Amino acid sequence: MLVSTKWLSEYVNIEGIAVSDLAEKITRSGIEVDSIIDRSHGMTNVVVGYVLECVKHPEADKLNICQVDVGEETTQIICGASNVAKGQKVIVARPGAVLPGGMKIKKAKLRGEESNGMICSLQELAIEGKLVPKVYAEGIYVLPESAVPGESALPLLGLDDQVLEFDLTPNRSDALSMIGVAYEVGAILSQGIQLPEINYTASNEKAEDMLKLRIDAKEDNPMYVAKVVKNVKVEASPLWLQNRLMAAGVRPHNNVVDITNFVLMEYGQPLHAFDYDRLGTGEIAVRLAEQGEKITTLDDTERTLEAHQLVITNGKEPVAIAGVMGGLNTEVHDGTTTVIIESAYFAPGSVRRTSRELGLRSDASTRFEKGVDPNRVEAAAERAAQLMAEIAGGEVLAGSVIFDELDKTPVRITVSPDYINNRLGMKIPLEEMLTILDGLQIPTEAVNGKLIIDAPTRRQDLRIQEDIIEEIARMYGYDLIPMTLPITESTPGGLSPYQAKRRTVRAFLEGAGLFQALTYSLTSKEQAQSYALETAPVTELLMPMSEDRSILRQSLIPHLLEAATYNVARRMDSVALYETGSVFLGEEEDGLPQEVEHVAAVITGKWVDHAWQAETKSVDFYVLKGIIEGMLDSLGLSEGLSFEQTVLDGMHPGRTANIFHNGERIGLIGQIHPTEQKKRNLKNTYVMEMNLAKILAVETEELLYTQVPRFPSSSRDIALVVSSDTSAGMLEGVIRNAGGKLLKDVRLFDLYEGDNVEDGKKSLAFSLTYSDSERTLTDEEVVKAHDKVLNALTVEAGALLRG
Amino acid sequence: MEAQLELLKVEALAKIEAASDVKSLNDVRIAYLGKKGPITDLLKGMGKLPAEERPKMGALVNVIRESVTEVLEDRMAKLEELAINEQLEKESIDVTLPGRPARTGNHHPLTRVVEEIEDFFISMGYEVAEGPEVEKDYYNFEALNLPKGHPARDMQDSFYISEDILLRTHTSPVQARTMEAKGGAPIKIICPGKVYRRDSDDATHSHQFTQIEGLVIGEDIRMSDLKGTLSLFAKKMFGDEREIRLRPSFFPFTEPSVEMDISCFKCGGDGCNVCKKTGWIEILGAGMVHPNVLKMAGYDPAIVSGFAFGMGPERIAMLKYGVEDIRHFYTNDVRFVSQFHRTEA
Ligand SMILES: [Zn+2]
């Protein structure tokens, strides 16, 4: 909503208040003023000129040499506009003027002819092209004959004005009109307001004799007022009216249309004007459209209607879509002489639905959608009639044709001052509350210590006690509310065990060298299920904005890979990222997908890179595996963990494993398939993804210390040769099984394949530690236990012991 | 025998003097004082002496042995010092060469902001509540006083999955779910999480972003409690000198509704580019829980009241760290994320 302060001052006295102060006051008390637009843009030396002569430039077809009376002198100005002509009053920017775009006007020579200034279009004075009357859209603007040469053109064009741009919250539809704004500003400044005075002389002829009205859709149209004005002369509006509209962001058309728009802005009540003769039937009938019925609207577009859409008809065919747009067939035109003014209340829901379905939003529909003031429907029609008489020379027929079943009783709200003060934490006296409500012109009575309020119909946002609390608080001032803390039972607060453990996981992964990533949940059909630990029906958007963001993901890996590619493409060759976030597994009973929190990571490039010490190491499977083991250990889950080789889509078939905890699959780890790596412009890249929810749900035992060993341990190393496909994990299992309770630790310390080892075989070396917490073990005890291990390795694993 | 001993001493002292390093001095020690050395031989030979001479000679041998030992140890200390100095000189390094970086990652800046907010409210006795990102229309809108057909719930603005299911557009449904689950009991929660809106991604919009909301429900919760809580929060997040101001606003689920500004932390209120010359920065929206919301969750608004507030970690991070484009939070450029590793105090 654009509020011209010049226009506003017709209803409320704002003299002597700086516009910036006014804006601040309005913002602090309820309506945010987004910006203040100075329509003069600091222009000077822009005056009225009278074109005494206008001839073609001898050297240039498109230029005109004009002799212009600018008050103090007659001067020559070259003008390139095709519509400039002798006898016009025009806008002249004189040398020294600076126009809003920063253009400085200087004396100049154009093709040998002197030019002392510029004849301006409205666009050159920073009026948006879409607001300039169509006749002047392509050329200079022509002022009325009454303009006096030499006088400043700015007041004449209403540009000596500052406009407040409101950022209205949806509840304050009352401020979608100048009068509504006046009520608000009046309350803020403790001033009364001046409403327009409506008086005109009606003719003896009665409107109802010329027009019949029938409403067949009372629910969607509970009130309809029609007035008839004869003998109007359709022409351009007087400049003051055009100025008002342009300041409000509305393009002037002709006097009849401009009047309806002016009243819309003034009262917040949308009006429509029909050409009586074009209507042809002397009848207005409002009904729901027939399915498939057609109408060509004012924008020259044929629209097909649906059965729930409300239309105005002439008794036969639609002549307007109610509250949304008029029809072309009854449009007011230059030759119109008799006009029907429509002022109605259309149900908000109906207008909202129709305007959305047709993709048509206008100043009118936005106001109907929010609900217009029932008490202004008739007043607005009268105001328009008055202006048609004054400006368009019309003869207003007596009375109106009215259908009215609209409930106009105000909402009654009863609230006690104590309730208000308790909710605010304040002690505002009753008198103060009454003064505030009186300032807002909200009729209030204090009865038995309670406030009884009849909310004015213009304030549809006032319905319940809390609305009154807000009115009082905002006008009294939020700055005066004290600062206290809630008095409640004291609660310890804190994270749930799950949330605390999630923080542990993040801290571990970051400590291990991974950065936390945050990627999108929405992805493409193609990627939604790739690398997924578990797949389920996908959850798809009804109306995605793009194919890339159309489905909820079932794995975090694809977007982490995208992040890796993004970094590698920017020469960050080594990337280590992790993410915690939900995946979405479709089709639960209540229709919501199951959301499961996962943790995933991607590593690529170098893991260790101390180049000057010639010490670098690329990422590999075991780097990531070590991180997973460490992460689970930090959660107390190192027992019962196993990695089993597997084959998964998009993964390197020899370097991929499922991760199990106590037999339950909790994740996957591996290298991205080389073909896929290449597609993504990545070198060797390893990923993991785990079901974090499952991991964090495991309740771990309390942490109890075990005694630090008091007796020395003995260690024995074993080197053995096995076939290449024997896994280290299996060997370790055999060792641990056979070692019994004296065997405390098994550590692989060497792996060798190649020279000195037979083809198809590999050599591994383990270090075994034996000890007892109660005493020092004797050699015989260690040998006995160790022999069992050696025996088991030979028998169960077919290992050949070396040296 | 005495003369023999004197000679031995002179000889030994000369050799000690001549030894130029620890190793040769050790050789001297072994040669003269060792088990097979001449002094030990002399002591072994004592048995051959007449009994009355033995104590005298024994004492003499000991004196000589002690004096040789003393000189040798002095010399040894000097040579060791020399040797160490020589070694230290050789071991000297270029201390300006780069250190081995300790390999660590860090929180995403949004997590950093969210955890800071969580921790403040946890210290005030709040719990952290979470809920689904795919929500029922009921919890996302209806339970929050946004009935079907309400203008603020435009289909165009939300990602719907079906008529009744959508990606949550705010974290408020967590509040609605918590209220419903609490069955009339007091509440003090903070709800962080991801939310989604049908916006094209640009410098200031993201179709996915984060929110953190707070909710307090109890008997006689007042608007002054909201103001006091938010003031403490502003000081904790943005510095002790921060002042707050409330401006009227509108949210369907609160009444009255306000927006909170803090005094600009960059210019202190004089006006700068961060606060767009106003001295104030908008940080969050808040208000008293709308009675319809309380009623729908089974609370009696005549007895129970509450306040709620909500803010965007992206906005806070952008303000705090001077980030100019919201898309930085979602591209995961390591050069961006890695900047948020250190403490601020
Ligand atoms: Zn500032």
# chains A, B, ... in the order shown; residues from 1 in each chain; ligands from 1
call {"tool": "residues_around", "arguments": {"residues": "A:Gly591", "least_positions_apart": "5", "cutoff": "12 Å", "atoms": "only C-alpha atoms", "output": "list in words"}}
result
Pro537, Thr539, Leu585 and Gly586 of chain A; Val134, Glu135, Lys136, Asp137, Ile161, Ser162, Glu163, Asp164, Ile165 and Leu166 of chain B
call {"tool": "residues_around", "arguments": {"residues": "A:Ser546", "least_positions_apart": "3", "cutoff": "10 Å", "atoms": "only C-alpha atoms", "output": "ChimeraX atom specification"}}
result
/A:523-524,543,549-550 /B:200
call {"tool": "write_last_selection", "arguments": {"atoms": "C-alpha atoms", "output": "PDB file, in the first residue's frame"}}
result
ATOM      1  CA  THR A 523      16.743 -34.503  -4.916  1.00  0.00           C
ATOM      2  CA  SER A 524      16.124 -35.879  -8.393  1.00  0.00           C
ATOM      3  CA  MET A 543       4.336 -29.545  -7.692  1.00  0.00           C
ATOM      4  CA  ARG A 549      14.389 -31.076  -6.332  1.00  0.00           C
ATOM      5  CA  SER A 550      11.351 -33.255  -6.742  1.00  0.00           C
TER       6      SER A 550
ATOM      7  CA  SER B 200      13.652 -20.044  -5.888  1.00  0.00           C
TER       8      SER B 200
END
call {"tool": "residues_near_ligand", "arguments": {"ligand": "ligand 1", "cutoff": "8 Å", "atoms": "only C-alpha atoms and all ligand atoms", "output": "ChimeraX atom specification"}}
result
/B:263-281
call {"tool": "closest_residue", "arguments": {"among": "B:Glu282, B:Glu243, B:Glu116, B:Glu314", "to": "B:Met260", "atoms": "only C-alpha atoms"}}
result
B:Glu282
call {"tool": "residues_around", "arguments": {"residues": "B:Arg315", "least_positions_apart": "4", "cutoff": "12 Å", "atoms": "only C-alpha atoms", "output": "CSV table (one decimal) with N, CA, C and O atoms, in the first residue's frame"}}
result
chain,number,residue,atom,x,y,z
B,109,PRO,N,28.5,-23.8,10.0
B,109,PRO,CA,28.1,-22.6,10.8
B,109,PRO,C,26.7,-22.6,11.3
B,109,PRO,O,26.5,-22.0,12.4
B,110,LEU,N,25.8,-23.2,10.6
B,110,LEU,CA,24.4,-23.2,11.1
B,110,LEU,C,24.3,-24.1,12.3
B,110,LEU,O,23.5,-23.7,13.3
B,113,VAL,N,25.5,-22.0,15.2
B,113,VAL,CA,24.5,-21.1,15.7
B,113,VAL,C,23.4,-21.8,16.5
B,113,VAL,O,23.1,-21.4,17.6
B,114,VAL,N,22.9,-22.9,15.9
B,114,VAL,CA,21.8,-23.6,16.5
B,114,VAL,C,22.3,-24.1,17.9
B,114,VAL,O,21.5,-24.0,18.9
B,203,ALA,N,20.2,-15.1,-3.5
B,203,ALA,CA,21.1,-14.7,-2.4
B,203,ALA,C,20.4,-14.6,-1.1
B,203,ALA,O,21.1,-14.7,0.0
B,204,THR,N,19.1,-14.4,-1.1
B,204,THR,CA,18.4,-14.2,0.2
B,204,THR,C,17.3,-15.3,0.4
B,204,THR,O,16.7,-15.3,1.4
B,205,HIS,N,17.1,-16.2,-0.6
B,205,HIS,CA,16.1,-17.2,-0.4
B,205,HIS,C,16.7,-18.6,-0.6
B,205,HIS,O,17.6,-18.8,-1.4
B,206,SER,N,16.2,-19.6,0.1
B,206,SER,CA,16.6,-20.9,-0.1
B,206,SER,C,15.4,-21.8,0.1
B,206,SER,O,14.6,-21.6,1.0
B,209,PHE,N,15.7,-24.3,4.5
B,209,PHE,CA,16.5,-23.5,5.4
B,209,PHE,C,16.2,-24.0,6.8
B,209,PHE,O,15.6,-25.1,7.0
B,210,THR,N,16.7,-23.4,7.8
B,210,THR,CA,16.6,-23.9,9.2
B,210,THR,C,15.8,-22.8,10.0
B,210,THR,O,15.8,-21.7,9.7
B,211,GLN,N,15.2,-23.3,11.1
B,211,GLN,CA,14.5,-22.4,12.0
B,211,GLN,C,14.8,-23.0,13.4
B,211,GLN,O,15.1,-24.1,13.6
B,212,ILE,N,14.6,-22.1,14.4
B,212,ILE,CA,14.6,-22.5,15.7
B,212,ILE,C,13.6,-21.7,16.5
B,212,ILE,O,13.5,-20.5,16.3
B,281,ILE,N,18.3,-4.0,14.2
B,281,ILE,CA,18.4,-5.1,13.3
B,281,ILE,C,17.2,-6.1,13.7
B,281,ILE,O,17.2,-6.5,14.9
B,282,GLU,N,16.4,-6.5,12.7
B,282,GLU,CA,15.3,-7.4,13.0
B,282,GLU,C,15.9,-8.8,13.2
B,282,GLU,O,16.7,-9.3,12.3
B,283,ILE,N,15.6,-9.4,14.3
B,283,ILE,CA,16.2,-10.7,14.6
B,283,ILE,C,15.1,-11.9,14.6
B,283,ILE,O,15.4,-13.0,14.2
B,284,LEU,N,14.0,-11.6,15.2
B,284,LEU,CA,13.0,-12.7,15.3
B,284,LEU,C,11.6,-12.2,15.5
B,284,LEU,O,11.3,-11.0,15.7
B,310,GLY,N,10.4,-17.3,17.3
B,310,GLY,CA,11.1,-18.1,16.3
B,310,GLY,C,12.1,-17.3,15.5
B,310,GLY,O,11.8,-16.1,15.3
B,311,MET,N,13.1,-17.9,15.1
B,311,MET,CA,14.1,-17.1,14.3
B,311,MET,C,14.8,-18.1,13.3
B,311,MET,O,14.7,-19.3,13.3
B,319,LEU,N,24.2,-12.3,9.8
B,319,LEU,CA,24.5,-11.1,10.5
B,319,LEU,C,25.8,-11.2,11.3
B,319,LEU,O,26.6,-10.3,11.3
B,320,LYS,N,25.9,-12.3,12.1
B,320,LYS,CA,27.0,-12.4,13.0
B,320,LYS,C,28.3,-12.5,12.3
B,320,LYS,O,29.3,-11.9,12.7
B,321,TYR,N,28.3,-13.3,11.2
B,321,TYR,CA,29.6,-13.6,10.5
B,321,TYR,C,29.8,-12.7,9.2
B,321,TYR,O,30.8,-12.9,8.5
B,322,GLY,N,28.8,-11.9,8.9
B,322,GLY,CA,28.9,-11.1,7.7
B,322,GLY,C,28.8,-11.9,6.4
B,322,GLY,O,29.3,-11.5,5.4
B,323,VAL,N,28.0,-13.0,6.4
B,323,VAL,CA,27.9,-13.8,5.2
B,323,VAL,C,26.8,-13.1,4.3
B,323,VAL,O,25.8,-12.7,4.8
B,324,GLU,N,27.1,-12.9,3.0
B,324,GLU,CA,26.3,-12.1,2.2
B,324,GLU,C,25.3,-12.9,1.3
B,324,GLU,O,24.4,-12.3,0.8
B,325,ASP,N,25.5,-14.2,1.2
B,325,ASP,CA,24.7,-15.0,0.3
B,325,ASP,C,24.3,-16.3,1.0
B,325,ASP,O,25.1,-17.1,1.4
B,326,ILE,N,23.0,-16.5,1.1
B,326,ILE,CA,22.5,-17.7,1.9
B,326,ILE,C,22.9,-19.0,1.2
B,326,ILE,O,23.0,-20.0,1.9
B,327,ARG,N,23.2,-19.0,-0.1
B,327,ARG,CA,23.6,-20.2,-0.8
B,327,ARG,C,24.9,-20.8,-0.3
B,327,ARG,O,25.1,-22.0,-0.4
B,329,PHE,N,25.6,-21.5,2.6
B,329,PHE,CA,25.3,-22.5,3.6
B,329,PHE,C,25.0,-23.9,3.0
B,329,PHE,O,25.0,-24.9,3.7
call {"tool": "interface_residues", "arguments": {"of": "chain A", "to": "chain B", "cutoff": "6 Å", "atoms": "only C-alpha atoms", "output": "ChimeraX atom specification"}}
result
/A:28,30,169,423-425,466,470,478,481-486,491-494,510-519,541-542,563,567
call {"tool": "select_by_dssp", "arguments": {"residues": "stretch 84-133 of chain B", "states": "helix (DSSP H, G or I)", "output": "MDAnalysis selection string"}}
result
chainID B and resid 84:91 109:123
call {"tool": "closest_residue", "arguments": {"among": "A:Ile26, A:Ala137, A:Thr297, A:Arg214", "to": "A:Glu331", "atoms": "only C-alpha atoms"}}
result
A:Thr297
call {"tool": "residues_around", "arguments": {"residues": "B:Gly184", "least_positions_apart": "4", "cutoff": "9 Å", "atoms": "only C-alpha atoms", "output": "compact mmCIF listing (two decimals) with C-alpha atoms, in the first residue's frame"}}
result
# COMPACT_ATOMS: atom_id res chain seq x y z
CA MET B 179 1.43 -29.31 23.33
CA GLU B 180 -0.87 -32.11 22.26
CA GLY B 218 2.16 -22.32 31.95
CA ALA B 297 -4.07 -28.58 22.02
CA GLY B 298 -6.33 -29.08 25.03
CA TYR B 299 -5.27 -26.14 27.21
CA ASP B 300 -7.74 -23.71 28.79
CA VAL B 304 -3.01 -21.07 30.89
call {"tool": "residues_around", "arguments": {"residues": "stretch 750-757 of chain A", "least_positions_apart": "4", "cutoff": "12 Å", "atoms": "only C-alpha atoms", "output": "PyMOL selection string"}}
result
chain A and resi 717-725+727-728+761-767+800+802
call {"tool": "residues_around", "arguments": {"residues": "A:Glu184", "least_positions_apart": "4", "cutoff": "7 Å", "atoms": "only C-alpha atoms", "output": "list in words"}}
result
Gly180, Ile188 and Leu440 of chain A
call {"tool": "decode", "arguments": {"residues": "stretch 160-182 of chain B", "atoms": "N, CA, C and O atoms", "output": "PDB file, in the first residue's frame"}}
result
ATOM      1  N   TYR B 160       3.736 -29.504  -1.266  1.00  0.00           N
ATOM      2  CA  TYR B 160       2.788 -30.535  -0.850  1.00  0.00           C
ATOM      3  C   TYR B 160       3.171 -31.888  -1.430  1.00  0.00           C
ATOM      4  O   TYR B 160       3.675 -31.990  -2.546  1.00  0.00           O
ATOM      5  N   ILE B 161       2.908 -32.923  -0.621  1.00  0.00           N
ATOM      6  CA  ILE B 161       3.130 -34.303  -1.046  1.00  0.00           C
ATOM      7  C   ILE B 161       1.792 -34.880  -1.490  1.00  0.00           C
ATOM      8  O   ILE B 161       1.686 -35.611  -2.465  1.00  0.00           O
ATOM      9  N   SER B 162       0.764 -34.536  -0.726  1.00  0.00           N
ATOM     10  CA  SER B 162      -0.605 -34.882  -1.076  1.00  0.00           C
ATOM     11  C   SER B 162      -1.452 -33.761  -0.492  1.00  0.00           C
ATOM     12  O   SER B 162      -0.910 -32.811   0.066  1.00  0.00           O
ATOM     13  N   GLU B 163      -2.745 -33.891  -0.591  1.00  0.00           N
ATOM     14  CA  GLU B 163      -3.590 -32.807  -0.106  1.00  0.00           C
ATOM     15  C   GLU B 163      -3.373 -32.521   1.375  1.00  0.00           C
ATOM     16  O   GLU B 163      -3.480 -31.388   1.824  1.00  0.00           O
ATOM     17  N   ASP B 164      -3.037 -33.570   2.111  1.00  0.00           N
ATOM     18  CA  ASP B 164      -2.944 -33.412   3.569  1.00  0.00           C
ATOM     19  C   ASP B 164      -1.539 -33.515   4.128  1.00  0.00           C
ATOM     20  O   ASP B 164      -1.343 -33.472   5.331  1.00  0.00           O
ATOM     21  N   ILE B 165      -0.578 -33.697   3.248  1.00  0.00           N
ATOM     22  CA  ILE B 165       0.800 -33.872   3.721  1.00  0.00           C
ATOM     23  C   ILE B 165       1.711 -32.922   2.957  1.00  0.00           C
ATOM     24  O   ILE B 165       1.565 -32.743   1.751  1.00  0.00           O
ATOM     25  N   LEU B 166       2.628 -32.315   3.686  1.00  0.00           N
ATOM     26  CA  LEU B 166       3.541 -31.367   3.043  1.00  0.00           C
ATOM     27  C   LEU B 166       4.873 -31.354   3.769  1.00  0.00           C
ATOM     28  O   LEU B 166       4.996 -31.894   4.873  1.00  0.00           O
ATOM     29  N   LEU B 167       5.875 -30.746   3.154  1.00  0.00           N
ATOM     30  CA  LEU B 167       7.127 -30.500   3.858  1.00  0.00           C
ATOM     31  C   LEU B 167       6.851 -29.328   4.788  1.00  0.00           C
ATOM     32  O   LEU B 167       6.347 -28.302   4.343  1.00  0.00           O
ATOM     33  N   ARG B 168       7.188 -29.472   6.058  1.00  0.00           N
ATOM     34  CA  ARG B 168       6.814 -28.426   7.004  1.00  0.00           C
ATOM     35  C   ARG B 168       7.408 -27.085   6.564  1.00  0.00           C
ATOM     36  O   ARG B 168       8.535 -27.019   6.070  1.00  0.00           O
ATOM     37  N   THR B 169       6.626 -26.024   6.747  1.00  0.00           N
ATOM     38  CA  THR B 169       7.054 -24.699   6.298  1.00  0.00           C
ATOM     39  C   THR B 169       7.667 -23.908   7.441  1.00  0.00           C
ATOM     40  O   THR B 169       8.167 -22.815   7.248  1.00  0.00           O
ATOM     41  N   HIS B 170       7.572 -24.454   8.640  1.00  0.00           N
ATOM     42  CA  HIS B 170       8.190 -23.851   9.823  1.00  0.00           C
ATOM     43  C   HIS B 170       8.333 -24.960  10.865  1.00  0.00           C
ATOM     44  O   HIS B 170       7.828 -26.062  10.668  1.00  0.00           O
ATOM     45  N   THR B 171       9.025 -24.676  11.961  1.00  0.00           N
ATOM     46  CA  THR B 171       9.176 -25.716  12.978  1.00  0.00           C
ATOM     47  C   THR B 171       8.027 -25.685  13.981  1.00  0.00           C
ATOM     48  O   THR B 171       7.986 -26.493  14.902  1.00  0.00           O
ATOM     49  N   SER B 172       7.071 -24.782  13.746  1.00  0.00           N
ATOM     50  CA  SER B 172       5.940 -24.677  14.684  1.00  0.00           C
ATOM     51  C   SER B 172       5.133 -25.968  14.881  1.00  0.00           C
ATOM     52  O   SER B 172       4.586 -26.161  15.966  1.00  0.00           O
ATOM     53  N   PRO B 173       5.032 -26.847  13.860  1.00  0.00           N
ATOM     54  CA  PRO B 173       4.284 -28.087  14.134  1.00  0.00           C
ATOM     55  C   PRO B 173       4.870 -28.885  15.297  1.00  0.00           C
ATOM     56  O   PRO B 173       4.149 -29.629  15.960  1.00  0.00           O
ATOM     57  N   VAL B 174       6.154 -28.711  15.557  1.00  0.00           N
ATOM     58  CA  VAL B 174       6.740 -29.406  16.706  1.00  0.00           C
ATOM     59  C   VAL B 174       6.110 -28.874  17.993  1.00  0.00           C
ATOM     60  O   VAL B 174       5.854 -29.616  18.942  1.00  0.00           O
ATOM     61  N   GLN B 175       5.831 -27.575  18.004  1.00  0.00           N
ATOM     62  CA  GLN B 175       5.166 -26.988  19.166  1.00  0.00           C
ATOM     63  C   GLN B 175       3.770 -27.583  19.321  1.00  0.00           C
ATOM     64  O   GLN B 175       3.355 -27.950  20.422  1.00  0.00           O
ATOM     65  N   ALA B 176       3.059 -27.657  18.191  1.00  0.00           N
ATOM     66  CA  ALA B 176       1.691 -28.189  18.236  1.00  0.00           C
ATOM     67  C   ALA B 176       1.699 -29.633  18.725  1.00  0.00           C
ATOM     68  O   ALA B 176       0.894 -30.024  19.579  1.00  0.00           O
ATOM     69  N   ARG B 177       2.643 -30.426  18.199  1.00  0.00           N
ATOM     70  CA  ARG B 177       2.728 -31.828  18.614  1.00  0.00           C
ATOM     71  C   ARG B 177       3.091 -31.936  20.097  1.00  0.00           C
ATOM     72  O   ARG B 177       2.543 -32.777  20.818  1.00  0.00           O
ATOM     73  N   THR B 178       4.024 -31.097  20.542  1.00  0.00           N
ATOM     74  CA  THR B 178       4.442 -31.163  21.950  1.00  0.00           C
ATOM     75  C   THR B 178       3.284 -30.802  22.870  1.00  0.00           C
ATOM     76  O   THR B 178       3.025 -31.475  23.867  1.00  0.00           O
ATOM     77  N   MET B 179       2.549 -29.732  22.505  1.00  0.00           N
ATOM     78  CA  MET B 179       1.425 -29.311  23.331  1.00  0.00           C
ATOM     79  C   MET B 179       0.399 -30.430  23.431  1.00  0.00           C
ATOM     80  O   MET B 179      -0.113 -30.727  24.507  1.00  0.00           O
ATOM     81  N   GLU B 180       0.127 -31.049  22.280  1.00  0.00           N
ATOM     82  CA  GLU B 180      -0.866 -32.113  22.263  1.00  0.00           C
ATOM     83  C   GLU B 180      -0.413 -33.276  23.154  1.00  0.00           C
ATOM     84  O   GLU B 180      -1.193 -33.836  23.918  1.00  0.00           O
ATOM     85  N   ALA B 181       0.885 -33.597  23.075  1.00  0.00           N
ATOM     86  CA  ALA B 181       1.407 -34.741  23.823  1.00  0.00           C
ATOM     87  C   ALA B 181       1.481 -34.457  25.324  1.00  0.00           C
ATOM     88  O   ALA B 181       1.388 -35.371  26.137  1.00  0.00           O
ATOM     89  N   LYS B 182       1.655 -33.194  25.705  1.00  0.00           N
ATOM     90  CA  LYS B 182       1.844 -32.863  27.117  1.00  0.00           C
ATOM     91  C   LYS B 182       0.544 -32.919  27.916  1.00  0.00           C
ATOM     92  O   LYS B 182       0.575 -32.866  29.143  1.00  0.00           O
TER      93      LYS B 182
END
